[in-house]
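To be precise, the following lines are start03.cif, and they hold mmCIF, N, CA and C atoms.
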```cif
data_entry
loop_
_atom_site.label_atom_id
_atom_site.label_comp_id
_atom_site.auth_asym_id
_atom_site.auth_seq_id
_atom_site.Cartn_x
_atom_site.Cartn_y
_atom_site.Cartn_z
N ASP J 1 -24.38 13.74 10.91
CA ASP J 1 -23.45 12.70 10.50
C ASP J 1 -23.35 12.65 8.98
N ARG J 2 -22.16 12.36 8.51
CA ARG J 2 -21.92 12.22 7.07
C ARG J 2 -21.30 10.86 6.80
N VAL J 3 -21.58 10.36 5.62
CA VAL J 3 -20.99 9.09 5.19
C VAL J 3 -20.23 9.34 3.90
N LEU J 4 -18.98 8.95 3.86
CA LEU J 4 -18.16 9.03 2.65
C LEU J 4 -17.94 7.62 2.16
N ASN J 5 -18.50 7.31 1.02
CA ASN J 5 -18.41 5.97 0.45
C ASN J 5 -17.42 6.00 -0.70
N ILE J 6 -16.28 5.37 -0.54
CA ILE J 6 -15.26 5.30 -1.57
C ILE J 6 -15.43 3.98 -2.30
N SER J 7 -15.61 4.07 -3.62
CA SER J 7 -15.84 2.86 -4.41
C SER J 7 -14.75 2.68 -5.44
N TYR J 8 -14.11 1.54 -5.43
CA TYR J 8 -13.07 1.24 -6.39
C TYR J 8 -13.65 1.09 -7.81
N ASP J 9 -14.91 0.69 -7.93
CA ASP J 9 -15.55 0.50 -9.23
C ASP J 9 -15.57 1.78 -10.06
N LYS J 10 -15.52 2.92 -9.43
CA LYS J 10 -15.59 4.20 -10.14
C LYS J 10 -14.23 4.67 -10.64
N LEU J 11 -13.16 3.93 -10.37
CA LEU J 11 -11.81 4.38 -10.70
C LEU J 11 -11.29 3.75 -12.00
N GLY J 12 -12.12 3.67 -13.01
CA GLY J 12 -11.70 3.05 -14.26
C GLY J 12 -10.93 3.99 -15.17
N PHE J 13 -10.00 3.43 -15.90
CA PHE J 13 -9.22 4.17 -16.88
C PHE J 13 -9.18 3.41 -18.20
N ILE J 14 -9.04 4.15 -19.27
CA ILE J 14 -8.71 3.56 -20.57
C ILE J 14 -7.26 3.93 -20.83
N THR J 15 -6.44 2.95 -21.09
CA THR J 15 -5.04 3.19 -21.42
C THR J 15 -4.79 2.60 -22.80
N THR J 16 -4.37 3.44 -23.72
CA THR J 16 -4.18 3.02 -25.10
C THR J 16 -2.79 3.42 -25.57
N GLN J 17 -2.07 2.46 -26.13
CA GLN J 17 -0.79 2.76 -26.76
C GLN J 17 -1.03 2.93 -28.25
N VAL J 18 -0.62 4.06 -28.79
CA VAL J 18 -0.79 4.36 -30.21
C VAL J 18 0.59 4.21 -30.85
N THR J 19 0.66 3.34 -31.87
CA THR J 19 1.93 3.04 -32.52
C THR J 19 1.78 3.17 -34.03
N ALA J 20 2.76 3.78 -34.65
CA ALA J 20 2.77 3.88 -36.11
C ALA J 20 2.97 2.49 -36.70
N GLY J 21 2.10 2.12 -37.61
CA GLY J 21 2.20 0.82 -38.26
C GLY J 21 3.02 0.92 -39.54
N ASP J 22 2.46 0.43 -40.60
CA ASP J 22 3.13 0.37 -41.90
C ASP J 22 2.98 1.71 -42.63
N ILE J 23 3.74 2.70 -42.20
CA ILE J 23 3.69 4.04 -42.80
C ILE J 23 4.96 4.25 -43.63
N ASP J 24 4.78 4.70 -44.84
CA ASP J 24 5.91 4.98 -45.72
C ASP J 24 6.45 6.37 -45.38
N TRP J 25 7.50 6.41 -44.56
CA TRP J 25 8.04 7.68 -44.09
C TRP J 25 8.80 8.43 -45.18
N THR J 26 9.00 7.81 -46.35
CA THR J 26 9.59 8.55 -47.47
C THR J 26 8.54 9.44 -48.12
N MET J 27 7.25 9.21 -47.79
CA MET J 27 6.16 10.02 -48.33
C MET J 27 5.43 10.83 -47.24
N VAL J 28 5.37 10.28 -46.03
CA VAL J 28 4.60 10.88 -44.94
C VAL J 28 5.54 11.60 -43.98
N LYS J 29 5.23 12.86 -43.70
CA LYS J 29 6.01 13.65 -42.74
C LYS J 29 5.53 13.37 -41.32
N GLU J 30 4.19 13.29 -41.14
CA GLU J 30 3.62 13.16 -39.80
C GLU J 30 2.20 12.59 -39.89
N ALA J 31 1.84 11.80 -38.89
CA ALA J 31 0.46 11.32 -38.74
C ALA J 31 -0.06 11.86 -37.41
N VAL J 32 -1.17 12.58 -37.46
CA VAL J 32 -1.75 13.18 -36.25
C VAL J 32 -3.02 12.39 -35.90
N VAL J 33 -3.02 11.78 -34.73
CA VAL J 33 -4.13 10.95 -34.27
C VAL J 33 -4.92 11.73 -33.24
N GLU J 34 -6.21 11.90 -33.48
CA GLU J 34 -7.12 12.56 -32.54
C GLU J 34 -7.88 11.47 -31.78
N MET J 35 -7.72 11.42 -30.46
CA MET J 35 -8.39 10.43 -29.60
C MET J 35 -9.50 11.13 -28.81
N GLU J 36 -10.63 10.42 -28.63
CA GLU J 36 -11.74 10.99 -27.83
C GLU J 36 -12.53 9.87 -27.17
N TYR J 37 -12.76 10.01 -25.86
CA TYR J 37 -13.61 9.08 -25.12
C TYR J 37 -15.05 9.53 -25.30
N LYS J 38 -15.86 8.69 -25.94
CA LYS J 38 -17.21 9.07 -26.34
C LYS J 38 -18.18 9.29 -25.19
N ALA J 39 -18.01 8.59 -24.07
CA ALA J 39 -18.97 8.70 -22.96
C ALA J 39 -18.88 10.04 -22.24
N GLU J 40 -17.74 10.69 -22.28
CA GLU J 40 -17.54 12.00 -21.61
C GLU J 40 -16.71 12.91 -22.52
N PRO J 41 -17.25 13.35 -23.64
CA PRO J 41 -16.44 14.10 -24.60
C PRO J 41 -16.03 15.50 -24.15
N ASN J 42 -16.62 16.02 -23.10
CA ASN J 42 -16.33 17.40 -22.70
C ASN J 42 -15.42 17.53 -21.48
N LYS J 43 -14.83 16.44 -21.04
CA LYS J 43 -13.89 16.49 -19.92
C LYS J 43 -12.48 16.73 -20.46
N PRO J 44 -11.62 17.38 -19.68
CA PRO J 44 -10.31 17.79 -20.21
C PRO J 44 -9.38 16.64 -20.62
N ASP J 45 -9.44 15.50 -19.91
CA ASP J 45 -8.51 14.42 -20.25
C ASP J 45 -9.09 13.40 -21.21
N THR J 46 -10.30 13.64 -21.73
CA THR J 46 -10.93 12.65 -22.60
C THR J 46 -10.64 12.90 -24.08
N LYS J 47 -9.79 13.86 -24.37
CA LYS J 47 -9.35 14.12 -25.74
C LYS J 47 -7.84 14.27 -25.73
N LYS J 48 -7.21 13.76 -26.77
CA LYS J 48 -5.76 13.94 -26.89
C LYS J 48 -5.37 13.89 -28.35
N GLN J 49 -4.42 14.73 -28.71
CA GLN J 49 -3.85 14.71 -30.04
C GLN J 49 -2.46 14.09 -29.93
N ILE J 50 -2.23 13.04 -30.70
CA ILE J 50 -0.95 12.34 -30.69
C ILE J 50 -0.30 12.53 -32.05
N ARG J 51 0.94 12.98 -32.03
CA ARG J 51 1.68 13.24 -33.28
C ARG J 51 2.73 12.15 -33.45
N LEU J 52 2.60 11.39 -34.52
CA LEU J 52 3.54 10.33 -34.83
C LEU J 52 4.40 10.74 -36.02
N SER J 53 5.68 10.41 -35.94
CA SER J 53 6.60 10.70 -37.04
C SER J 53 7.67 9.61 -37.03
N GLN J 54 8.57 9.69 -37.99
CA GLN J 54 9.65 8.71 -38.05
C GLN J 54 10.51 8.77 -36.79
N GLU J 55 10.60 9.93 -36.17
CA GLU J 55 11.38 10.10 -34.94
C GLU J 55 10.59 9.75 -33.69
N SER J 56 9.27 9.73 -33.78
CA SER J 56 8.40 9.47 -32.63
C SER J 56 7.31 8.49 -33.06
N LEU J 57 7.59 7.19 -32.94
CA LEU J 57 6.72 6.15 -33.49
C LEU J 57 5.60 5.69 -32.56
N THR J 58 5.64 6.11 -31.30
CA THR J 58 4.63 5.63 -30.35
C THR J 58 4.35 6.68 -29.28
N ASP J 59 3.13 6.63 -28.74
CA ASP J 59 2.73 7.51 -27.63
C ASP J 59 1.59 6.81 -26.90
N ASN J 60 1.25 7.30 -25.73
CA ASN J 60 0.19 6.71 -24.91
C ASN J 60 -0.90 7.72 -24.61
N TRP J 61 -2.10 7.19 -24.39
CA TRP J 61 -3.24 8.00 -23.98
C TRP J 61 -3.89 7.30 -22.80
N LYS J 62 -4.03 8.01 -21.69
CA LYS J 62 -4.72 7.48 -20.52
C LYS J 62 -5.87 8.41 -20.19
N CYS J 63 -7.05 7.85 -20.08
CA CYS J 63 -8.26 8.63 -19.89
C CYS J 63 -9.08 8.06 -18.74
N PHE J 64 -9.46 8.91 -17.81
CA PHE J 64 -10.35 8.53 -16.72
C PHE J 64 -11.74 8.27 -17.29
N MET J 65 -12.44 7.25 -16.82
CA MET J 65 -13.75 6.87 -17.37
C MET J 65 -14.93 7.54 -16.67
N TYR J 66 -14.70 8.31 -15.64
CA TYR J 66 -15.74 9.08 -14.95
C TYR J 66 -16.94 8.22 -14.53
N GLY J 67 -16.65 7.02 -14.05
CA GLY J 67 -17.71 6.14 -13.54
C GLY J 67 -18.44 5.34 -14.59
N HIS J 68 -18.15 5.55 -15.86
CA HIS J 68 -18.80 4.78 -16.93
C HIS J 68 -18.14 3.41 -17.08
N LYS J 69 -18.89 2.46 -17.58
CA LYS J 69 -18.34 1.14 -17.86
C LYS J 69 -17.93 1.01 -19.33
N ASP J 70 -18.44 1.89 -20.16
CA ASP J 70 -18.17 1.86 -21.60
C ASP J 70 -16.73 2.30 -21.87
N LYS J 71 -15.97 1.46 -22.56
CA LYS J 71 -14.58 1.79 -22.90
C LYS J 71 -14.44 2.18 -24.37
N THR J 72 -15.52 2.54 -25.01
CA THR J 72 -15.48 2.91 -26.42
C THR J 72 -14.85 4.28 -26.60
N TYR J 73 -13.92 4.36 -27.54
CA TYR J 73 -13.33 5.65 -27.87
C TYR J 73 -13.31 5.80 -29.39
N ARG J 74 -13.17 7.02 -29.82
CA ARG J 74 -13.15 7.35 -31.24
C ARG J 74 -11.75 7.88 -31.57
N TYR J 75 -11.33 7.60 -32.80
CA TYR J 75 -10.08 8.20 -33.25
C TYR J 75 -10.14 8.48 -34.74
N SER J 76 -9.37 9.45 -35.16
CA SER J 76 -9.19 9.73 -36.58
C SER J 76 -7.71 10.03 -36.78
N VAL J 77 -7.26 9.84 -38.02
CA VAL J 77 -5.85 10.07 -38.34
C VAL J 77 -5.77 11.02 -39.52
N GLU J 78 -4.95 12.04 -39.37
CA GLU J 78 -4.68 12.95 -40.47
C GLU J 78 -3.20 12.80 -40.84
N TYR J 79 -2.97 12.50 -42.13
CA TYR J 79 -1.62 12.30 -42.63
C TYR J 79 -1.15 13.58 -43.32
N PHE J 80 0.04 14.00 -42.98
CA PHE J 80 0.67 15.16 -43.61
C PHE J 80 1.84 14.64 -44.44
N TYR J 81 1.77 14.87 -45.74
CA TYR J 81 2.76 14.33 -46.67
C TYR J 81 3.89 15.33 -46.90
N LEU J 82 5.02 14.81 -47.31
CA LEU J 82 6.20 15.63 -47.57
C LEU J 82 5.98 16.62 -48.71
N ASP J 83 5.04 16.31 -49.63
CA ASP J 83 4.78 17.23 -50.75
C ASP J 83 3.82 18.36 -50.37
N GLY J 84 3.41 18.42 -49.09
CA GLY J 84 2.54 19.49 -48.60
C GLY J 84 1.06 19.16 -48.59
N THR J 85 0.66 18.02 -49.15
CA THR J 85 -0.75 17.62 -49.13
C THR J 85 -1.06 16.88 -47.84
N GLN J 86 -2.34 16.64 -47.60
CA GLN J 86 -2.78 15.92 -46.42
C GLN J 86 -4.05 15.16 -46.74
N SER J 87 -4.32 14.11 -45.93
CA SER J 87 -5.56 13.33 -46.04
C SER J 87 -5.97 12.90 -44.65
N LYS J 88 -7.27 12.66 -44.48
CA LYS J 88 -7.80 12.33 -43.14
C LYS J 88 -8.67 11.09 -43.23
N THR J 89 -8.56 10.21 -42.23
CA THR J 89 -9.42 9.05 -42.09
C THR J 89 -10.27 9.22 -40.86
N GLU J 90 -11.46 8.70 -40.88
CA GLU J 90 -12.35 8.74 -39.72
C GLU J 90 -12.43 7.40 -39.08
#
```
Take the structure in the file and give it back as structure tokens.
Amino acid sequence: DRVLNISYDKLGFITTQVTAGDIDWTMVKEAVVEMEYKAEPNKPDTKKQIRLSQESLTDNWKCFMYGHKDKTYRYSVEYFYLDGTQSKTE
């Protein structure tokens, strides 16, 4: 005999909307946001690169939590300027 126990508690997701805030688009060409779920950094859906620009001001990231209760995620932003320079925040 086998028992299959389906638990709703294990079906957690993190859903995050990433939106460009007060960005001076006369200076910035693109902002690249790197998202990562810290509890399971090596799973395929726990990392995402989001590219924001004047034409694309928002995007979403949905990540399965793999049974963890921790909803902590990490992000960094790299800005690409129209003059060809770039800077990164952690």
**OP:** Using the chain letters and numbers from the file, give me the residues hit by the PyMOL selection byres (((chain J and resi 58 and name CA) around 10) and name CA), as a list in words.
**Re:**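 Answer for the PyMOL selection byres (((chain J and resi 58 and name CA) around 10) and name CA): Gln17, Val18, Thr19, Ala20, Gly21, Ile50, Arg51, Leu52, Ser53, Gln54, Glu55, Ser56, Leu57, Asp59 and Asn60 of chain J.
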Written file, previous selection with N, CA and C atoms, as a short mmCIF file (atom, residue, chain, number, x, y, z; two decimals), in the frame of the given file:
```cif
data_model
loop_
_atom_site.label_atom_id
_atom_site.label_comp_id
_atom_site.auth_asym_id
_atom_site.auth_seq_id
_atom_site.Cartn_x
_atom_site.Cartn_y
_atom_site.Cartn_z
N GLN J 17 -2.07 2.46 -26.13
CA GLN J 17 -0.79 2.76 -26.76
C GLN J 17 -1.03 2.93 -28.25
N VAL J 18 -0.62 4.06 -28.79
CA VAL J 18 -0.79 4.36 -30.21
C VAL J 18 0.59 4.21 -30.85
N THR J 19 0.66 3.34 -31.87
CA THR J 19 1.93 3.04 -32.52
C THR J 19 1.78 3.17 -34.03
N ALA J 20 2.76 3.78 -34.65
CA ALA J 20 2.77 3.88 -36.11
C ALA J 20 2.97 2.49 -36.70
N GLY J 21 2.10 2.12 -37.61
CA GLY J 21 2.20 0.82 -38.26
C GLY J 21 3.02 0.92 -39.54
N ILE J 50 -2.23 13.04 -30.70
CA ILE J 50 -0.95 12.34 -30.69
C ILE J 50 -0.30 12.53 -32.05
N ARG J 51 0.94 12.98 -32.03
CA ARG J 51 1.68 13.24 -33.28
C ARG J 51 2.73 12.15 -33.45
N LEU J 52 2.60 11.39 -34.52
CA LEU J 52 3.54 10.33 -34.83
C LEU J 52 4.40 10.74 -36.02
N SER J 53 5.68 10.41 -35.94
CA SER J 53 6.60 10.70 -37.04
C SER J 53 7.67 9.61 -37.03
N GLN J 54 8.57 9.69 -37.99
CA GLN J 54 9.65 8.71 -38.05
C GLN J 54 10.51 8.77 -36.79
N GLU J 55 10.60 9.93 -36.17
CA GLU J 55 11.38 10.10 -34.94
C GLU J 55 10.59 9.75 -33.69
N SER J 56 9.27 9.73 -33.78
CA SER J 56 8.40 9.47 -32.63
C SER J 56 7.31 8.49 -33.06
N LEU J 57 7.59 7.19 -32.94
CA LEU J 57 6.72 6.15 -33.49
C LEU J 57 5.60 5.69 -32.56
N ASP J 59 3.13 6.63 -28.74
CA ASP J 59 2.73 7.51 -27.63
C ASP J 59 1.59 6.81 -26.90
N ASN J 60 1.25 7.30 -25.73
CA ASN J 60 0.19 6.71 -24.91
C ASN J 60 -0.90 7.72 -24.61
#
```
Subject >> Nearest to J:Glu34, chosen from J:Lys62, J:Lys47, J:Lys71, J:Arg2, with only N, CA and C atoms counted in the distances >> reply: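 Looking only at the distances to J:Glu34, the closest residue turns out to be J:Lys47.
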Subject >> Between atom CA of J:Gly84 and atom CA of J:Lys48 - distance in Å to one decimal >> reply: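 Computing the Euclidean distance for atom CA of J:Lys48 and atom CA of J:Gly84 yields 23.9 Å.
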**OP:** Report the distance between atom CA of J:Phe80 and atom CA of J:Thr46 in Å, rounded to one decimal place.
**Re:**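 So the two atoms, atom CA of J:Phe80 and atom CA of J:Thr46, lie 24.1 Å apart.
Taking atom N of J:Ser76 as the reference point, atom C of J:Thr26 is found at 22.1 Å.
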